[in-house]
Amino acid sequence: MADLQINLPDATSEFASAQIAAGRFGSVSDYVGALVSADEQMQQAAAKLGQNPQLEALLEQGLRSVAGRSWSLLVLSELKQQVLDRAAGKIA
């Protein structure tokens with residue numbers, strides 16, 4: 001295991017400390033490791049999705065299938081996350 005020293009802004013450090021105090025992680029090192037791992041998984045899932053040439057067409061078709069519905073950035077972000085989670089095998 002490699003040692004890595006990082007400097008965090010005070011607010012970020014306080015947030016990380018709160019996650020540890022809440023029992024979500026054993027240490028800041030565990031928390032940062034989990035963040036890096038989650039980012040790696042998301043990038044792998046995005047790459048897997050990018051290799052599917054039909055995906056964009058299917059998403060566009062789905063968006064066009066509901067006439068007159070307005071899609072907020074929040075809704076689109078949540079849908080994107082669901083697709084990434086499914087591609088990463090997190091949900092069935």
# chains A, B, ... in the order shown; residues from 1 in each chain; ligands from 1

$ select_by_dssp --residues "chain A" --states "alpha helix (DSSP H)" --output "mmCIF file with N, CA and C atoms, in the first residue's frame"
data_model
loop_
_atom_site.group_PDB
_atom_site.id
_atom_site.type_symbol
_atom_site.label_atom_id
_atom_site.label_comp_id
_atom_site.auth_asym_id
_atom_site.auth_seq_id
_atom_site.Cartn_x
_atom_site.Cartn_y
_atom_site.Cartn_z
ATOM 1 N N ASP A 10 -10.797 23.199 4.629
ATOM 2 C CA ASP A 10 -11.367 22.966 5.958
ATOM 3 C C ASP A 10 -12.760 22.351 5.898
ATOM 4 N N ALA A 11 -13.616 22.881 5.036
ATOM 5 C CA ALA A 11 -14.991 22.373 4.955
ATOM 6 C C ALA A 11 -15.011 20.914 4.508
ATOM 7 N N THR A 12 -14.141 20.558 3.589
ATOM 8 C CA THR A 12 -14.080 19.180 3.108
ATOM 9 C C THR A 12 -13.546 18.259 4.194
ATOM 10 N N SER A 13 -12.553 18.711 4.900
ATOM 11 C CA SER A 13 -11.990 17.930 5.999
ATOM 12 C C SER A 13 -13.026 17.711 7.096
ATOM 13 N N GLU A 14 -13.805 18.758 7.401
ATOM 14 C CA GLU A 14 -14.848 18.641 8.412
ATOM 15 C C GLU A 14 -15.928 17.651 7.966
ATOM 16 N N PHE A 15 -16.275 17.687 6.687
ATOM 17 C CA PHE A 15 -17.274 16.759 6.166
ATOM 18 C C PHE A 15 -16.764 15.332 6.274
ATOM 19 N N ALA A 16 -15.508 15.111 5.901
ATOM 20 C CA ALA A 16 -14.921 13.769 5.992
ATOM 21 C C ALA A 16 -14.910 13.301 7.442
ATOM 22 N N SER A 17 -14.544 14.174 8.343
ATOM 23 C CA SER A 17 -14.531 13.826 9.770
ATOM 24 C C SER A 17 -15.930 13.482 10.272
ATOM 25 N N ALA A 18 -16.930 14.177 9.764
ATOM 26 C CA ALA A 18 -18.315 13.892 10.161
ATOM 27 C C ALA A 18 -18.737 12.504 9.680
ATOM 28 N N GLN A 19 -18.267 12.096 8.506
ATOM 29 C CA GLN A 19 -18.596 10.761 7.994
ATOM 30 C C GLN A 19 -17.990 9.679 8.890
ATOM 31 N N ILE A 20 -16.813 9.942 9.379
ATOM 32 C CA ILE A 20 -16.150 8.997 10.283
ATOM 33 C C ILE A 20 -16.874 8.972 11.623
ATOM 34 N N ALA A 21 -17.226 10.153 12.135
ATOM 35 C CA ALA A 21 -17.939 10.236 13.411
ATOM 36 C C ALA A 21 -19.296 9.547 13.334
ATOM 37 N N VAL A 28 -10.183 8.691 7.682
ATOM 38 C CA VAL A 28 -10.200 9.519 6.470
ATOM 39 C C VAL A 28 -9.608 8.726 5.315
ATOM 40 N N SER A 29 -8.604 7.933 5.587
ATOM 41 C CA SER A 29 -7.990 7.100 4.554
ATOM 42 C C SER A 29 -9.012 6.132 3.949
ATOM 43 N N ASP A 30 -9.831 5.504 4.804
ATOM 44 C CA ASP A 30 -10.881 4.609 4.315
ATOM 45 C C ASP A 30 -11.886 5.368 3.444
ATOM 46 N N TYR A 31 -12.232 6.575 3.886
ATOM 47 C CA TYR A 31 -13.204 7.385 3.160
ATOM 48 C C TYR A 31 -12.665 7.784 1.788
ATOM 49 N N VAL A 32 -11.450 8.280 1.745
ATOM 50 C CA VAL A 32 -10.845 8.676 0.468
ATOM 51 C C VAL A 32 -10.704 7.460 -0.443
ATOM 52 N N GLY A 33 -10.314 6.325 0.126
ATOM 53 C CA GLY A 33 -10.216 5.103 -0.669
ATOM 54 C C GLY A 33 -11.550 4.713 -1.272
ATOM 55 N N ALA A 34 -12.630 4.856 -0.500
ATOM 56 C CA ALA A 34 -13.967 4.540 -0.997
ATOM 57 C C ALA A 34 -14.375 5.498 -2.115
ATOM 58 N N LEU A 35 -14.016 6.769 -1.976
ATOM 59 C CA LEU A 35 -14.332 7.745 -3.022
ATOM 60 C C LEU A 35 -13.601 7.418 -4.319
ATOM 61 N N VAL A 36 -12.335 7.074 -4.219
ATOM 62 C CA VAL A 36 -11.557 6.731 -5.402
ATOM 63 C C VAL A 36 -12.123 5.480 -6.054
ATOM 64 N N SER A 37 -12.473 4.491 -5.238
ATOM 65 C CA SER A 37 -13.050 3.254 -5.760
ATOM 66 C C SER A 37 -14.389 3.522 -6.461
ATOM 67 N N ALA A 38 -15.231 4.362 -5.874
ATOM 68 C CA ALA A 38 -16.525 4.694 -6.477
ATOM 69 C C ALA A 38 -16.324 5.416 -7.802
ATOM 70 N N ASP A 39 -15.362 6.316 -7.859
ATOM 71 C CA ASP A 39 -15.081 7.030 -9.100
ATOM 72 C C ASP A 39 -14.586 6.061 -10.173
ATOM 73 N N GLU A 40 -13.741 5.137 -9.790
ATOM 74 C CA GLU A 40 -13.241 4.137 -10.735
ATOM 75 C C GLU A 40 -14.393 3.302 -11.290
ATOM 76 N N GLN A 41 -15.295 2.865 -10.413
ATOM 77 C CA GLN A 41 -16.451 2.075 -10.854
ATOM 78 C C GLN A 41 -17.336 2.871 -11.795
ATOM 79 N N MET A 42 -17.549 4.152 -11.492
ATOM 80 C CA MET A 42 -18.391 4.980 -12.341
ATOM 81 C C MET A 42 -17.741 5.164 -13.713
ATOM 82 N N GLN A 43 -16.444 5.371 -13.739
ATOM 83 C CA GLN A 43 -15.764 5.545 -15.021
ATOM 84 C C GLN A 43 -15.791 4.257 -15.839
ATOM 85 N N GLN A 44 -15.641 3.120 -15.175
ATOM 86 C CA GLN A 44 -15.723 1.840 -15.887
ATOM 87 C C GLN A 44 -17.124 1.625 -16.446
ATOM 88 N N ALA A 45 -18.152 1.962 -15.656
ATOM 89 C CA ALA A 45 -19.532 1.814 -16.124
ATOM 90 C C ALA A 45 -19.796 2.755 -17.286
ATOM 91 N N ALA A 46 -19.302 3.997 -17.200
ATOM 92 C CA ALA A 46 -19.494 4.956 -18.286
ATOM 93 C C ALA A 46 -18.788 4.476 -19.550
ATOM 94 N N ALA A 47 -17.594 3.906 -19.386
ATOM 95 C CA ALA A 47 -16.874 3.379 -20.549
ATOM 96 C C ALA A 47 -17.644 2.223 -21.173
ATOM 97 N N LYS A 48 -18.213 1.370 -20.321
ATOM 98 C CA LYS A 48 -19.000 0.242 -20.822
ATOM 99 C C LYS A 48 -20.215 0.749 -21.587
ATOM 100 N N LEU A 49 -20.866 1.774 -21.056
ATOM 101 C CA LEU A 49 -22.021 2.352 -21.742
ATOM 102 C C LEU A 49 -21.606 2.997 -23.062
ATOM 103 N N GLY A 50 -20.440 3.638 -23.061
ATOM 104 C CA GLY A 50 -19.950 4.288 -24.266
ATOM 105 C C GLY A 50 -19.625 3.313 -25.375
ATOM 106 N N LEU A 55 -27.126 2.644 -27.269
ATOM 107 C CA LEU A 55 -27.630 3.252 -26.041
ATOM 108 C C LEU A 55 -28.155 4.664 -26.255
ATOM 109 N N GLU A 56 -27.380 5.514 -26.917
ATOM 110 C CA GLU A 56 -27.818 6.894 -27.102
ATOM 111 C C GLU A 56 -29.123 6.946 -27.881
ATOM 112 N N ALA A 57 -29.226 6.132 -28.917
ATOM 113 C CA ALA A 57 -30.458 6.106 -29.706
ATOM 114 C C ALA A 57 -31.644 5.658 -28.856
ATOM 115 N N LEU A 58 -31.423 4.667 -28.005
ATOM 116 C CA LEU A 58 -32.503 4.189 -27.139
ATOM 117 C C LEU A 58 -32.919 5.246 -26.121
ATOM 118 N N LEU A 59 -31.946 5.953 -25.563
ATOM 119 C CA LEU A 59 -32.262 7.014 -24.608
ATOM 120 C C LEU A 59 -33.037 8.137 -25.297
ATOM 121 N N GLU A 60 -32.601 8.531 -26.480
ATOM 122 C CA GLU A 60 -33.315 9.566 -27.225
ATOM 123 C C GLU A 60 -34.734 9.116 -27.553
ATOM 124 N N GLN A 61 -34.878 7.875 -27.963
ATOM 125 C CA GLN A 61 -36.206 7.333 -28.282
ATOM 126 C C GLN A 61 -37.095 7.368 -27.042
ATOM 127 N N GLY A 62 -36.532 6.998 -25.910
ATOM 128 C CA GLY A 62 -37.298 7.021 -24.662
ATOM 129 C C GLY A 62 -37.718 8.417 -24.272
ATOM 130 N N LEU A 63 -36.821 9.386 -24.429
ATOM 131 C CA LEU A 63 -37.155 10.768 -24.096
ATOM 132 C C LEU A 63 -38.251 11.307 -25.016
ATOM 133 N N ARG A 64 -38.217 10.932 -26.282
ATOM 134 C CA ARG A 64 -39.232 11.401 -27.236
ATOM 135 C C ARG A 64 -40.567 10.685 -27.051
ATOM 136 N N LEU A 73 -32.951 18.964 -15.014
ATOM 137 C CA LEU A 73 -31.591 18.443 -14.909
ATOM 138 C C LEU A 73 -31.483 17.428 -13.778
ATOM 139 N N LEU A 74 -32.238 17.624 -12.699
ATOM 140 C CA LEU A 74 -32.218 16.690 -11.583
ATOM 141 C C LEU A 74 -32.752 15.329 -12.011
ATOM 142 N N VAL A 75 -33.875 15.316 -12.729
ATOM 143 C CA VAL A 75 -34.452 14.055 -13.188
ATOM 144 C C VAL A 75 -33.481 13.349 -14.129
ATOM 145 N N LEU A 76 -32.913 14.092 -15.069
ATOM 146 C CA LEU A 76 -31.957 13.486 -16.004
ATOM 147 C C LEU A 76 -30.726 12.948 -15.273
ATOM 148 N N SER A 77 -30.264 13.670 -14.276
ATOM 149 C CA SER A 77 -29.119 13.216 -13.490
ATOM 150 C C SER A 77 -29.437 11.923 -12.745
ATOM 151 N N GLU A 78 -30.636 11.855 -12.169
ATOM 152 C CA GLU A 78 -31.043 10.644 -11.453
ATOM 153 C C GLU A 78 -31.174 9.462 -12.408
ATOM 154 N N LEU A 79 -31.741 9.697 -13.592
ATOM 155 C CA LEU A 79 -31.858 8.631 -14.584
ATOM 156 C C LEU A 79 -30.485 8.151 -15.035
ATOM 157 N N LYS A 80 -29.584 9.083 -15.262
ATOM 158 C CA LYS A 80 -28.220 8.731 -15.671
ATOM 159 C C LYS A 80 -27.566 7.871 -14.592
ATOM 160 N N GLN A 81 -27.737 8.247 -13.327
ATOM 161 C CA GLN A 81 -27.139 7.482 -12.235
ATOM 162 C C GLN A 81 -27.718 6.075 -12.174
ATOM 163 N N GLN A 82 -29.016 5.944 -12.412
ATOM 164 C CA GLN A 82 -29.634 4.617 -12.421
ATOM 165 C C GLN A 82 -29.035 3.748 -13.527
ATOM 166 N N VAL A 83 -28.831 4.329 -14.687
ATOM 167 C CA VAL A 83 -28.234 3.585 -15.800
ATOM 168 C C VAL A 83 -26.810 3.169 -15.445
ATOM 169 N N LEU A 84 -26.037 4.102 -14.864
ATOM 170 C CA LEU A 84 -24.666 3.770 -14.470
ATOM 171 C C LEU A 84 -24.639 2.687 -13.401
ATOM 172 N N ASP A 85 -25.561 2.776 -12.429
ATOM 173 C CA ASP A 85 -25.633 1.758 -11.376
ATOM 174 C C ASP A 85 -25.961 0.401 -11.961
ATOM 175 N N ARG A 86 -26.895 0.366 -12.904
ATOM 176 C CA ARG A 86 -27.240 -0.917 -13.536
ATOM 177 C C ARG A 86 -26.065 -1.467 -14.322
ATOM 178 N N ALA A 87 -25.360 -0.603 -15.029
ATOM 179 C CA ALA A 87 -24.206 -1.061 -15.805
ATOM 180 C C ALA A 87 -23.097 -1.568 -14.896
#

$ decode --residues "segment 16-45 of chain A" --atoms "N, CA and C atoms" --output "mmCIF file, in the first residue's frame"
data_model
loop_
_atom_site.group_PDB
_atom_site.id
_atom_site.type_symbol
_atom_site.label_atom_id
_atom_site.label_comp_id
_atom_site.auth_asym_id
_atom_site.auth_seq_id
_atom_site.Cartn_x
_atom_site.Cartn_y
_atom_site.Cartn_z
ATOM 1 N N ALA A 16 -15.508 15.111 5.901
ATOM 2 C CA ALA A 16 -14.921 13.769 5.992
ATOM 3 C C ALA A 16 -14.910 13.301 7.442
ATOM 4 N N SER A 17 -14.544 14.174 8.343
ATOM 5 C CA SER A 17 -14.531 13.826 9.770
ATOM 6 C C SER A 17 -15.930 13.482 10.272
ATOM 7 N N ALA A 18 -16.930 14.177 9.764
ATOM 8 C CA ALA A 18 -18.315 13.892 10.161
ATOM 9 C C ALA A 18 -18.737 12.504 9.680
ATOM 10 N N GLN A 19 -18.267 12.096 8.506
ATOM 11 C CA GLN A 19 -18.596 10.761 7.994
ATOM 12 C C GLN A 19 -17.990 9.679 8.890
ATOM 13 N N ILE A 20 -16.813 9.942 9.379
ATOM 14 C CA ILE A 20 -16.150 8.997 10.283
ATOM 15 C C ILE A 20 -16.874 8.972 11.623
ATOM 16 N N ALA A 21 -17.226 10.153 12.135
ATOM 17 C CA ALA A 21 -17.939 10.236 13.411
ATOM 18 C C ALA A 21 -19.296 9.547 13.334
ATOM 19 N N ALA A 22 -19.916 9.566 12.146
ATOM 20 C CA ALA A 22 -21.214 8.924 11.955
ATOM 21 C C ALA A 22 -21.075 7.409 11.807
ATOM 22 N N GLY A 23 -19.840 6.941 11.771
ATOM 23 C CA GLY A 23 -19.608 5.502 11.682
ATOM 24 C C GLY A 23 -19.613 4.940 10.269
ATOM 25 N N ARG A 24 -19.651 5.814 9.268
ATOM 26 C CA ARG A 24 -19.677 5.339 7.883
ATOM 27 C C ARG A 24 -18.315 4.793 7.450
ATOM 28 N N PHE A 25 -17.240 5.329 8.021
ATOM 29 C CA PHE A 25 -15.887 4.916 7.657
ATOM 30 C C PHE A 25 -15.033 4.892 8.915
ATOM 31 N N GLY A 26 -13.979 4.086 8.871
ATOM 32 C CA GLY A 26 -13.103 3.972 10.033
ATOM 33 C C GLY A 26 -12.074 5.074 10.130
ATOM 34 N N SER A 27 -11.741 5.676 8.986
ATOM 35 C CA SER A 27 -10.727 6.730 8.965
ATOM 36 C C SER A 27 -10.881 7.559 7.700
ATOM 37 N N VAL A 28 -10.183 8.691 7.682
ATOM 38 C CA VAL A 28 -10.200 9.519 6.470
ATOM 39 C C VAL A 28 -9.608 8.726 5.315
ATOM 40 N N SER A 29 -8.604 7.933 5.587
ATOM 41 C CA SER A 29 -7.990 7.100 4.554
ATOM 42 C C SER A 29 -9.012 6.132 3.949
ATOM 43 N N ASP A 30 -9.831 5.504 4.804
ATOM 44 C CA ASP A 30 -10.881 4.609 4.315
ATOM 45 C C ASP A 30 -11.886 5.368 3.444
ATOM 46 N N TYR A 31 -12.232 6.575 3.886
ATOM 47 C CA TYR A 31 -13.204 7.385 3.160
ATOM 48 C C TYR A 31 -12.665 7.784 1.788
ATOM 49 N N VAL A 32 -11.450 8.280 1.745
ATOM 50 C CA VAL A 32 -10.845 8.676 0.468
ATOM 51 C C VAL A 32 -10.704 7.460 -0.443
ATOM 52 N N GLY A 33 -10.314 6.325 0.126
ATOM 53 C CA GLY A 33 -10.216 5.103 -0.669
ATOM 54 C C GLY A 33 -11.550 4.713 -1.272
ATOM 55 N N ALA A 34 -12.630 4.856 -0.500
ATOM 56 C CA ALA A 34 -13.967 4.540 -0.997
ATOM 57 C C ALA A 34 -14.375 5.498 -2.115
ATOM 58 N N LEU A 35 -14.016 6.769 -1.976
ATOM 59 C CA LEU A 35 -14.332 7.745 -3.022
ATOM 60 C C LEU A 35 -13.601 7.418 -4.319
ATOM 61 N N VAL A 36 -12.335 7.074 -4.219
ATOM 62 C CA VAL A 36 -11.557 6.731 -5.402
ATOM 63 C C VAL A 36 -12.123 5.480 -6.054
ATOM 64 N N SER A 37 -12.473 4.491 -5.238
ATOM 65 C CA SER A 37 -13.050 3.254 -5.760
ATOM 66 C C SER A 37 -14.389 3.522 -6.461
ATOM 67 N N ALA A 38 -15.231 4.362 -5.874
ATOM 68 C CA ALA A 38 -16.525 4.694 -6.477
ATOM 69 C C ALA A 38 -16.324 5.416 -7.802
ATOM 70 N N ASP A 39 -15.362 6.316 -7.859
ATOM 71 C CA ASP A 39 -15.081 7.030 -9.100
ATOM 72 C C ASP A 39 -14.586 6.061 -10.173
ATOM 73 N N GLU A 40 -13.741 5.137 -9.790
ATOM 74 C CA GLU A 40 -13.241 4.137 -10.735
ATOM 75 C C GLU A 40 -14.393 3.302 -11.290
ATOM 76 N N GLN A 41 -15.295 2.865 -10.413
ATOM 77 C CA GLN A 41 -16.451 2.075 -10.854
ATOM 78 C C GLN A 41 -17.336 2.871 -11.795
ATOM 79 N N MET A 42 -17.549 4.152 -11.492
ATOM 80 C CA MET A 42 -18.391 4.980 -12.341
ATOM 81 C C MET A 42 -17.741 5.164 -13.713
ATOM 82 N N GLN A 43 -16.444 5.371 -13.739
ATOM 83 C CA GLN A 43 -15.764 5.545 -15.021
ATOM 84 C C GLN A 43 -15.791 4.257 -15.839
ATOM 85 N N GLN A 44 -15.641 3.120 -15.175
ATOM 86 C CA GLN A 44 -15.723 1.840 -15.887
ATOM 87 C C GLN A 44 -17.124 1.625 -16.446
ATOM 88 N N ALA A 45 -18.152 1.962 -15.656
ATOM 89 C CA ALA A 45 -19.532 1.814 -16.124
ATOM 90 C C ALA A 45 -19.796 2.755 -17.286
#
